[in-house]
Amino acid sequence: MAGTMQFLAWLMVAICFLPGVTTTQHRAGQPMDSTNVGDGLQEPEAPEVMFELLWSGLELDIMGQLHIQDEELASTRPGRRLSLLLQHLVPSDLEGAEQRLQQFQDLRKGPPLSPWDFEHLLLTGLSCVYRLPVASEAQERGRWAQVFVLLAQETLWDLCKGFCPQGQPPSLGPSASTLDPFP
(Lines give C-alpha, C1' and ligand atoms only; values in the text may rest on other atoms or scores of the structure.)
Protein backbone atom coordinates (compact mmCIF):
# COMPACT_ATOMS: atom_id res chain seq x y z
CA MET A 1 0.00 0.00 0.00
CA ALA A 2 2.82 2.44 0.86
CA GLY A 3 4.49 1.80 -2.49
CA THR A 4 1.20 2.40 -4.30
CA MET A 5 0.64 5.67 -2.42
CA GLN A 6 4.18 6.82 -3.22
CA PHE A 7 3.65 5.98 -6.89
CA LEU A 8 0.35 7.85 -6.95
CA ALA A 9 1.92 10.89 -5.25
CA TRP A 10 4.66 11.01 -7.87
CA LEU A 11 2.07 10.49 -10.60
CA MET A 12 0.20 13.60 -9.42
CA VAL A 13 3.40 15.65 -9.37
CA ALA A 14 4.46 14.35 -12.80
CA ILE A 15 1.06 15.10 -14.31
CA CYS A 16 1.32 18.63 -12.97
CA PHE A 17 4.40 19.26 -15.06
CA LEU A 18 3.42 17.70 -18.38
CA PRO A 19 3.93 20.14 -21.23
CA GLY A 20 0.70 21.82 -22.22
CA VAL A 21 -1.05 21.52 -18.88
CA THR A 22 -1.38 25.27 -18.67
CA THR A 23 -2.94 25.44 -22.12
CA THR A 24 -6.00 23.36 -21.20
CA GLN A 25 -9.28 24.77 -22.53
CA HIS A 26 -11.06 27.30 -20.33
CA ARG A 27 -14.66 26.69 -19.32
CA ALA A 28 -17.10 29.52 -19.80
CA GLY A 29 -17.64 31.52 -16.63
CA GLN A 30 -15.68 31.80 -13.43
CA PRO A 31 -13.30 29.28 -11.89
CA MET A 32 -14.96 26.70 -9.65
CA ASP A 33 -13.67 28.65 -6.65
CA SER A 34 -14.45 32.30 -7.24
CA THR A 35 -13.15 33.36 -3.84
CA ASN A 36 -10.94 36.41 -4.30
CA VAL A 37 -7.89 36.22 -2.05
CA GLY A 38 -5.75 38.65 -4.00
CA ASP A 39 -4.65 39.79 -7.41
CA GLY A 40 -2.53 37.52 -9.57
CA LEU A 41 -4.22 34.27 -8.56
CA GLN A 42 -6.32 33.89 -11.69
CA GLU A 43 -3.68 32.15 -13.82
CA PRO A 44 -1.59 29.18 -12.69
CA GLU A 45 2.18 29.45 -12.53
CA ALA A 46 4.25 27.95 -15.32
CA PRO A 47 4.77 24.22 -14.67
CA GLU A 48 8.53 24.59 -14.22
CA VAL A 49 8.02 27.29 -11.55
CA MET A 50 5.47 25.18 -9.69
CA PHE A 51 7.82 22.19 -9.94
CA GLU A 52 10.65 24.16 -8.32
CA LEU A 53 8.37 25.35 -5.50
CA LEU A 54 6.99 21.90 -4.78
CA TRP A 55 10.36 20.17 -5.22
CA SER A 56 11.73 22.28 -2.35
CA GLY A 57 9.17 20.55 -0.16
CA LEU A 58 6.11 21.43 1.82
CA GLU A 59 5.54 21.04 5.53
CA LEU A 60 2.35 20.62 7.47
CA ASP A 61 2.26 22.75 10.63
CA ILE A 62 0.42 21.86 13.84
CA MET A 63 -2.53 24.00 12.73
CA GLY A 64 -2.93 21.86 9.60
CA GLN A 65 -1.62 24.46 7.14
CA LEU A 66 0.82 23.57 4.37
CA HIS A 67 3.87 25.82 3.91
CA ILE A 68 6.79 25.92 1.49
CA GLN A 69 9.88 24.72 3.36
CA ASP A 70 12.40 26.89 1.52
CA GLU A 71 11.93 30.39 2.96
CA GLU A 72 13.74 32.06 0.06
CA LEU A 73 11.44 30.44 -2.51
CA ALA A 74 8.42 31.13 -0.31
CA SER A 75 9.25 34.85 -0.38
CA THR A 76 9.12 35.08 -4.20
CA ARG A 77 5.94 36.17 -5.99
CA PRO A 78 5.17 32.60 -7.14
CA GLY A 79 5.94 31.33 -3.63
CA ARG A 80 3.60 33.86 -2.03
CA ARG A 81 0.92 32.93 -4.57
CA LEU A 82 1.28 29.23 -3.80
CA SER A 83 1.18 29.99 -0.06
CA LEU A 84 -2.07 31.91 -0.53
CA LEU A 85 -3.56 29.02 -2.48
CA LEU A 86 -2.49 26.49 0.14
CA GLN A 87 -3.83 28.59 3.01
CA HIS A 88 -7.09 29.84 1.53
CA LEU A 89 -8.24 27.69 -1.37
CA VAL A 90 -6.92 24.16 -0.83
CA PRO A 91 -9.08 22.26 1.67
CA SER A 92 -7.32 21.64 4.97
CA ASP A 93 -9.76 19.10 6.36
CA LEU A 94 -11.18 15.82 5.14
CA GLU A 95 -14.71 17.10 4.67
CA GLY A 96 -13.46 20.00 2.53
CA ALA A 97 -11.38 17.61 0.41
CA GLU A 98 -14.39 15.33 -0.06
CA GLN A 99 -16.54 18.30 -1.10
CA ARG A 100 -13.89 19.45 -3.57
CA LEU A 101 -13.69 15.90 -4.96
CA GLN A 102 -17.46 15.92 -5.47
CA GLN A 103 -17.21 19.25 -7.32
CA PHE A 104 -14.61 17.77 -9.67
CA GLN A 105 -16.67 14.62 -10.19
CA ASP A 106 -19.67 16.79 -11.08
CA LEU A 107 -17.54 18.44 -13.80
CA ARG A 108 -16.38 15.13 -15.27
CA LYS A 109 -18.76 15.11 -18.24
CA GLY A 110 -18.04 18.72 -19.23
CA PRO A 111 -15.13 20.21 -21.15
CA PRO A 112 -11.58 19.99 -19.79
CA LEU A 113 -10.97 21.93 -16.60
CA SER A 114 -9.61 25.45 -16.82
CA PRO A 115 -5.93 25.79 -15.83
CA TRP A 116 -7.14 27.35 -12.55
CA ASP A 117 -9.37 24.37 -11.69
CA PHE A 118 -6.77 21.84 -12.85
CA GLU A 119 -4.22 23.45 -10.54
CA HIS A 120 -6.68 23.20 -7.65
CA LEU A 121 -7.31 19.55 -8.47
CA LEU A 122 -3.58 18.79 -8.30
CA LEU A 123 -2.98 20.83 -5.14
CA THR A 124 -5.94 19.21 -3.39
CA GLY A 125 -4.47 15.78 -4.22
CA LEU A 126 -1.06 16.89 -3.00
CA SER A 127 -2.64 18.14 0.22
CA CYS A 128 -4.15 14.68 0.77
CA VAL A 129 -0.71 13.09 0.42
CA TYR A 130 0.71 15.35 3.16
CA ARG A 131 -2.26 14.81 5.49
CA LEU A 132 -2.46 11.03 5.10
CA PRO A 133 0.52 10.09 7.32
CA VAL A 134 -0.51 12.42 10.16
CA ALA A 135 -4.10 11.22 10.35
CA SER A 136 -4.70 9.91 13.85
CA GLU A 137 -6.95 6.92 13.15
CA ALA A 138 -6.85 4.15 10.58
CA GLN A 139 -10.36 5.00 9.37
CA GLU A 140 -9.35 8.63 8.78
CA ARG A 141 -6.17 7.55 6.93
CA GLY A 142 -8.32 5.30 4.78
CA ARG A 143 -10.63 8.18 3.89
CA TRP A 144 -7.67 10.47 3.04
CA ALA A 145 -6.22 7.70 0.85
CA GLN A 146 -9.58 7.16 -0.86
CA VAL A 147 -9.99 10.88 -1.59
CA PHE A 148 -6.44 11.02 -2.98
CA VAL A 149 -6.97 8.03 -5.28
CA LEU A 150 -10.25 9.50 -6.54
CA LEU A 151 -8.60 12.89 -7.13
CA ALA A 152 -5.85 11.11 -9.09
CA GLN A 153 -8.60 9.38 -11.09
CA GLU A 154 -10.26 12.75 -11.78
CA THR A 155 -6.90 14.09 -12.96
CA LEU A 156 -6.64 11.24 -15.47
CA TRP A 157 -10.27 11.78 -16.53
CA ASP A 158 -9.55 15.43 -17.26
CA LEU A 159 -6.29 14.75 -19.12
CA CYS A 160 -8.02 12.07 -21.18
CA LYS A 161 -10.88 14.29 -22.40
CA GLY A 162 -10.77 14.34 -26.16
CA PHE A 163 -8.05 11.66 -26.34
CA CYS A 164 -9.43 8.45 -24.82
CA PRO A 165 -11.82 6.23 -26.76
CA GLN A 166 -15.45 7.03 -25.93
CA GLY A 167 -16.71 4.95 -23.03
CA GLN A 168 -13.23 3.86 -21.97
CA PRO A 169 -12.13 6.03 -19.06
CA PRO A 170 -8.56 6.03 -17.81
CA SER A 171 -7.86 3.87 -14.80
CA LEU A 172 -5.41 3.69 -11.95
CA GLY A 173 -6.01 -0.04 -11.77
CA PRO A 174 -8.53 -2.40 -10.20
CA SER A 175 -8.19 -1.08 -6.63
CA ALA A 176 -9.02 2.50 -7.69
CA SER A 177 -12.14 1.51 -9.62
CA THR A 178 -13.63 -0.15 -6.53
CA LEU A 179 -13.37 3.17 -4.69
CA ASP A 180 -15.04 5.29 -7.37
CA PRO A 181 -18.78 5.63 -6.77
CA PHE A 182 -19.20 7.22 -10.24
CA PRO A 183 -17.84 4.78 -12.85
# chains A, B, ... in the order shown; residues from 1 in each chain; ligands from 1
call {"tool": "residues_around", "arguments": {"residues": "Leu121 (chain A)", "least_positions_apart": "3", "cutoff": "9 Å", "atoms": "only C-alpha atoms", "output": "short mmCIF file (atom, residue, chain, number, x, y, z; two decimals) with N, CA and C atoms, in the first residue's frame"}}
result
data_model
loop_
_atom_site.label_atom_id
_atom_site.label_comp_id
_atom_site.auth_asym_id
_atom_site.auth_seq_id
_atom_site.Cartn_x
_atom_site.Cartn_y
_atom_site.Cartn_z
N VAL A 90 -7.07 25.62 -0.86
CA VAL A 90 -6.92 24.16 -0.83
C VAL A 90 -7.52 23.67 0.49
N ARG A 100 -14.60 19.05 -2.35
CA ARG A 100 -13.89 19.45 -3.57
C ARG A 100 -13.88 18.30 -4.57
N LEU A 101 -13.65 17.08 -4.09
CA LEU A 101 -13.69 15.90 -4.96
C LEU A 101 -15.05 15.81 -5.64
N PHE A 104 -15.33 18.22 -8.48
CA PHE A 104 -14.61 17.77 -9.67
C PHE A 104 -15.34 16.63 -10.36
N TRP A 116 -6.90 27.02 -13.96
CA TRP A 116 -7.14 27.35 -12.55
C TRP A 116 -7.70 26.14 -11.80
N ASP A 117 -8.76 25.52 -12.34
CA ASP A 117 -9.37 24.37 -11.69
C ASP A 117 -8.45 23.16 -11.69
N PHE A 118 -7.70 22.97 -12.79
CA PHE A 118 -6.77 21.84 -12.85
C PHE A 118 -5.70 21.99 -11.78
N THR A 124 -5.10 19.92 -4.36
CA THR A 124 -5.94 19.21 -3.39
C THR A 124 -5.43 17.78 -3.22
N GLY A 125 -5.04 17.13 -4.32
CA GLY A 125 -4.47 15.78 -4.22
C GLY A 125 -3.16 15.78 -3.45
N LEU A 126 -2.33 16.78 -3.72
CA LEU A 126 -1.06 16.89 -3.00
C LEU A 126 -1.29 17.11 -1.51
N LEU A 151 -9.10 11.66 -6.51
CA LEU A 151 -8.60 12.89 -7.13
C LEU A 151 -7.62 12.56 -8.26
N ALA A 152 -6.77 11.55 -8.03
CA ALA A 152 -5.85 11.11 -9.09
C ALA A 152 -6.65 10.60 -10.29
N GLU A 154 -9.68 11.57 -11.13
CA GLU A 154 -10.26 12.75 -11.78
C GLU A 154 -9.22 13.47 -12.64
N THR A 155 -7.97 13.48 -12.18
CA THR A 155 -6.90 14.09 -12.96
C THR A 155 -6.75 13.35 -14.29
#
call {"tool": "residues_around", "arguments": {"residues": "region 58-70 of chain A", "least_positions_apart": "2", "cutoff": "8 Å", "atoms": "only C-alpha atoms", "output": "number ranges by chain"}}
result
A: 53-54, 56, 72-74, 79, 83, 86-87, 92, 127, 130-131
call {"tool": "write_last_selection", "arguments": {"atoms": "N, CA, C and O atoms", "output": "PDB file, in the first residue's frame"}}
result
ATOM      1  N   LEU A  53       8.959  25.053  -6.814  1.00  0.00           N
ATOM      2  CA  LEU A  53       8.375  25.351  -5.501  1.00  0.00           C
ATOM      3  C   LEU A  53       8.028  24.069  -4.747  1.00  0.00           C
ATOM      4  O   LEU A  53       8.321  23.934  -3.556  1.00  0.00           O
ATOM      5  N   LEU A  54       7.407  23.136  -5.443  1.00  0.00           N
ATOM      6  CA  LEU A  54       6.993  21.897  -4.782  1.00  0.00           C
ATOM      7  C   LEU A  54       8.181  20.976  -4.520  1.00  0.00           C
ATOM      8  O   LEU A  54       8.188  20.238  -3.529  1.00  0.00           O
ATOM      9  N   SER A  56      11.051  21.831  -3.576  1.00  0.00           N
ATOM     10  CA  SER A  56      11.727  22.280  -2.353  1.00  0.00           C
ATOM     11  C   SER A  56      11.070  21.683  -1.112  1.00  0.00           C
ATOM     12  O   SER A  56      11.678  21.645  -0.049  1.00  0.00           O
ATOM     13  N   GLU A  72      13.378  31.176   1.164  1.00  0.00           N
ATOM     14  CA  GLU A  72      13.735  32.059   0.057  1.00  0.00           C
ATOM     15  C   GLU A  72      12.741  31.907  -1.090  1.00  0.00           C
ATOM     16  O   GLU A  72      12.263  32.900  -1.647  1.00  0.00           O
ATOM     17  N   LEU A  73      12.424  30.662  -1.451  1.00  0.00           N
ATOM     18  CA  LEU A  73      11.441  30.440  -2.512  1.00  0.00           C
ATOM     19  C   LEU A  73      10.051  30.909  -2.075  1.00  0.00           C
ATOM     20  O   LEU A  73       9.291  31.448  -2.879  1.00  0.00           O
ATOM     21  N   ALA A  74       9.723  30.711  -0.817  1.00  0.00           N
ATOM     22  CA  ALA A  74       8.417  31.132  -0.310  1.00  0.00           C
ATOM     23  C   ALA A  74       8.240  32.641  -0.384  1.00  0.00           C
ATOM     24  O   ALA A  74       7.112  33.133  -0.473  1.00  0.00           O
ATOM     25  N   GLY A  79       6.016  31.983  -4.933  1.00  0.00           N
ATOM     26  CA  GLY A  79       5.940  31.328  -3.630  1.00  0.00           C
ATOM     27  C   GLY A  79       4.825  31.904  -2.771  1.00  0.00           C
ATOM     28  O   GLY A  79       4.097  31.173  -2.094  1.00  0.00           O
ATOM     29  N   SER A  83       1.536  29.954  -1.489  1.00  0.00           N
ATOM     30  CA  SER A  83       1.183  29.990  -0.065  1.00  0.00           C
ATOM     31  C   SER A  83      -0.261  30.433   0.134  1.00  0.00           C
ATOM     32  O   SER A  83      -0.988  29.862   0.952  1.00  0.00           O
ATOM     33  N   LEU A  86      -2.513  27.558  -0.861  1.00  0.00           N
ATOM     34  CA  LEU A  86      -2.492  26.491   0.141  1.00  0.00           C
ATOM     35  C   LEU A  86      -3.260  26.888   1.398  1.00  0.00           C
ATOM     36  O   LEU A  86      -3.920  26.063   2.013  1.00  0.00           O
ATOM     37  N   GLN A  87      -3.180  28.152   1.775  1.00  0.00           N
ATOM     38  CA  GLN A  87      -3.828  28.593   3.006  1.00  0.00           C
ATOM     39  C   GLN A  87      -5.316  28.871   2.832  1.00  0.00           C
ATOM     40  O   GLN A  87      -6.085  28.651   3.766  1.00  0.00           O
ATOM     41  N   SER A  92      -8.253  22.085   3.926  1.00  0.00           N
ATOM     42  CA  SER A  92      -7.323  21.644   4.970  1.00  0.00           C
ATOM     43  C   SER A  92      -7.930  20.568   5.856  1.00  0.00           C
ATOM     44  O   SER A  92      -7.272  20.099   6.783  1.00  0.00           O
ATOM     45  N   SER A 127      -2.290  17.904  -1.178  1.00  0.00           N
ATOM     46  CA  SER A 127      -2.640  18.138   0.225  1.00  0.00           C
ATOM     47  C   SER A 127      -3.024  16.824   0.915  1.00  0.00           C
ATOM     48  O   SER A 127      -2.633  16.577   2.058  1.00  0.00           O
ATOM     49  N   TYR A 130       0.046  14.841   1.958  1.00  0.00           N
ATOM     50  CA  TYR A 130       0.707  15.350   3.158  1.00  0.00           C
ATOM     51  C   TYR A 130      -0.103  15.077   4.420  1.00  0.00           C
ATOM     52  O   TYR A 130       0.444  14.930   5.508  1.00  0.00           O
ATOM     53  N   ARG A 131      -1.410  15.007   4.313  1.00  0.00           N
ATOM     54  CA  ARG A 131      -2.263  14.810   5.490  1.00  0.00           C
ATOM     55  C   ARG A 131      -2.452  13.334   5.850  1.00  0.00           C
ATOM     56  O   ARG A 131      -2.736  13.007   6.993  1.00  0.00           O
TER      57      ARG A 131
END
call {"tool": "atom_distance", "arguments": {"atom1": "CA of Glu140 (chain A)", "atom2": "CA of Glu98 (chain A)"}}
result
12.2 Å
call {"tool": "select_by_dssp", "arguments": {"residues": "region 44-179 of chain A", "states": "helix (DSSP H, G or I)", "output": "number ranges by chain"}}
result
A: 47-55, 71-74, 77-89, 94-106, 115-131, 138-160, 174-177
call {"tool": "atom_distance", "arguments": {"atom1": "CA of Ala97 (chain A)", "atom2": "CA of Pro133 (chain A)"}}
result
15.7 Å
call {"tool": "closest_residue", "arguments": {"among": "A:Trp157, A:Phe163, A:Glu137, A:Arg77", "to": "Leu107 (chain A)", "atoms": "only C-alpha atoms"}}
result
A:Trp157
call {"tool": "atom_distance", "arguments": {"atom1": "CA of Pro112 (chain A)", "atom2": "CA of Val49 (chain A)"}}
result
22.5 Å
call {"tool": "closest_residue", "arguments": {"among": "A:Pro115, A:Thr76, A:Leu89, A:Leu94", "to": "Val147 (chain A)", "atoms": "only C-alpha atoms"}}
result
A:Leu94
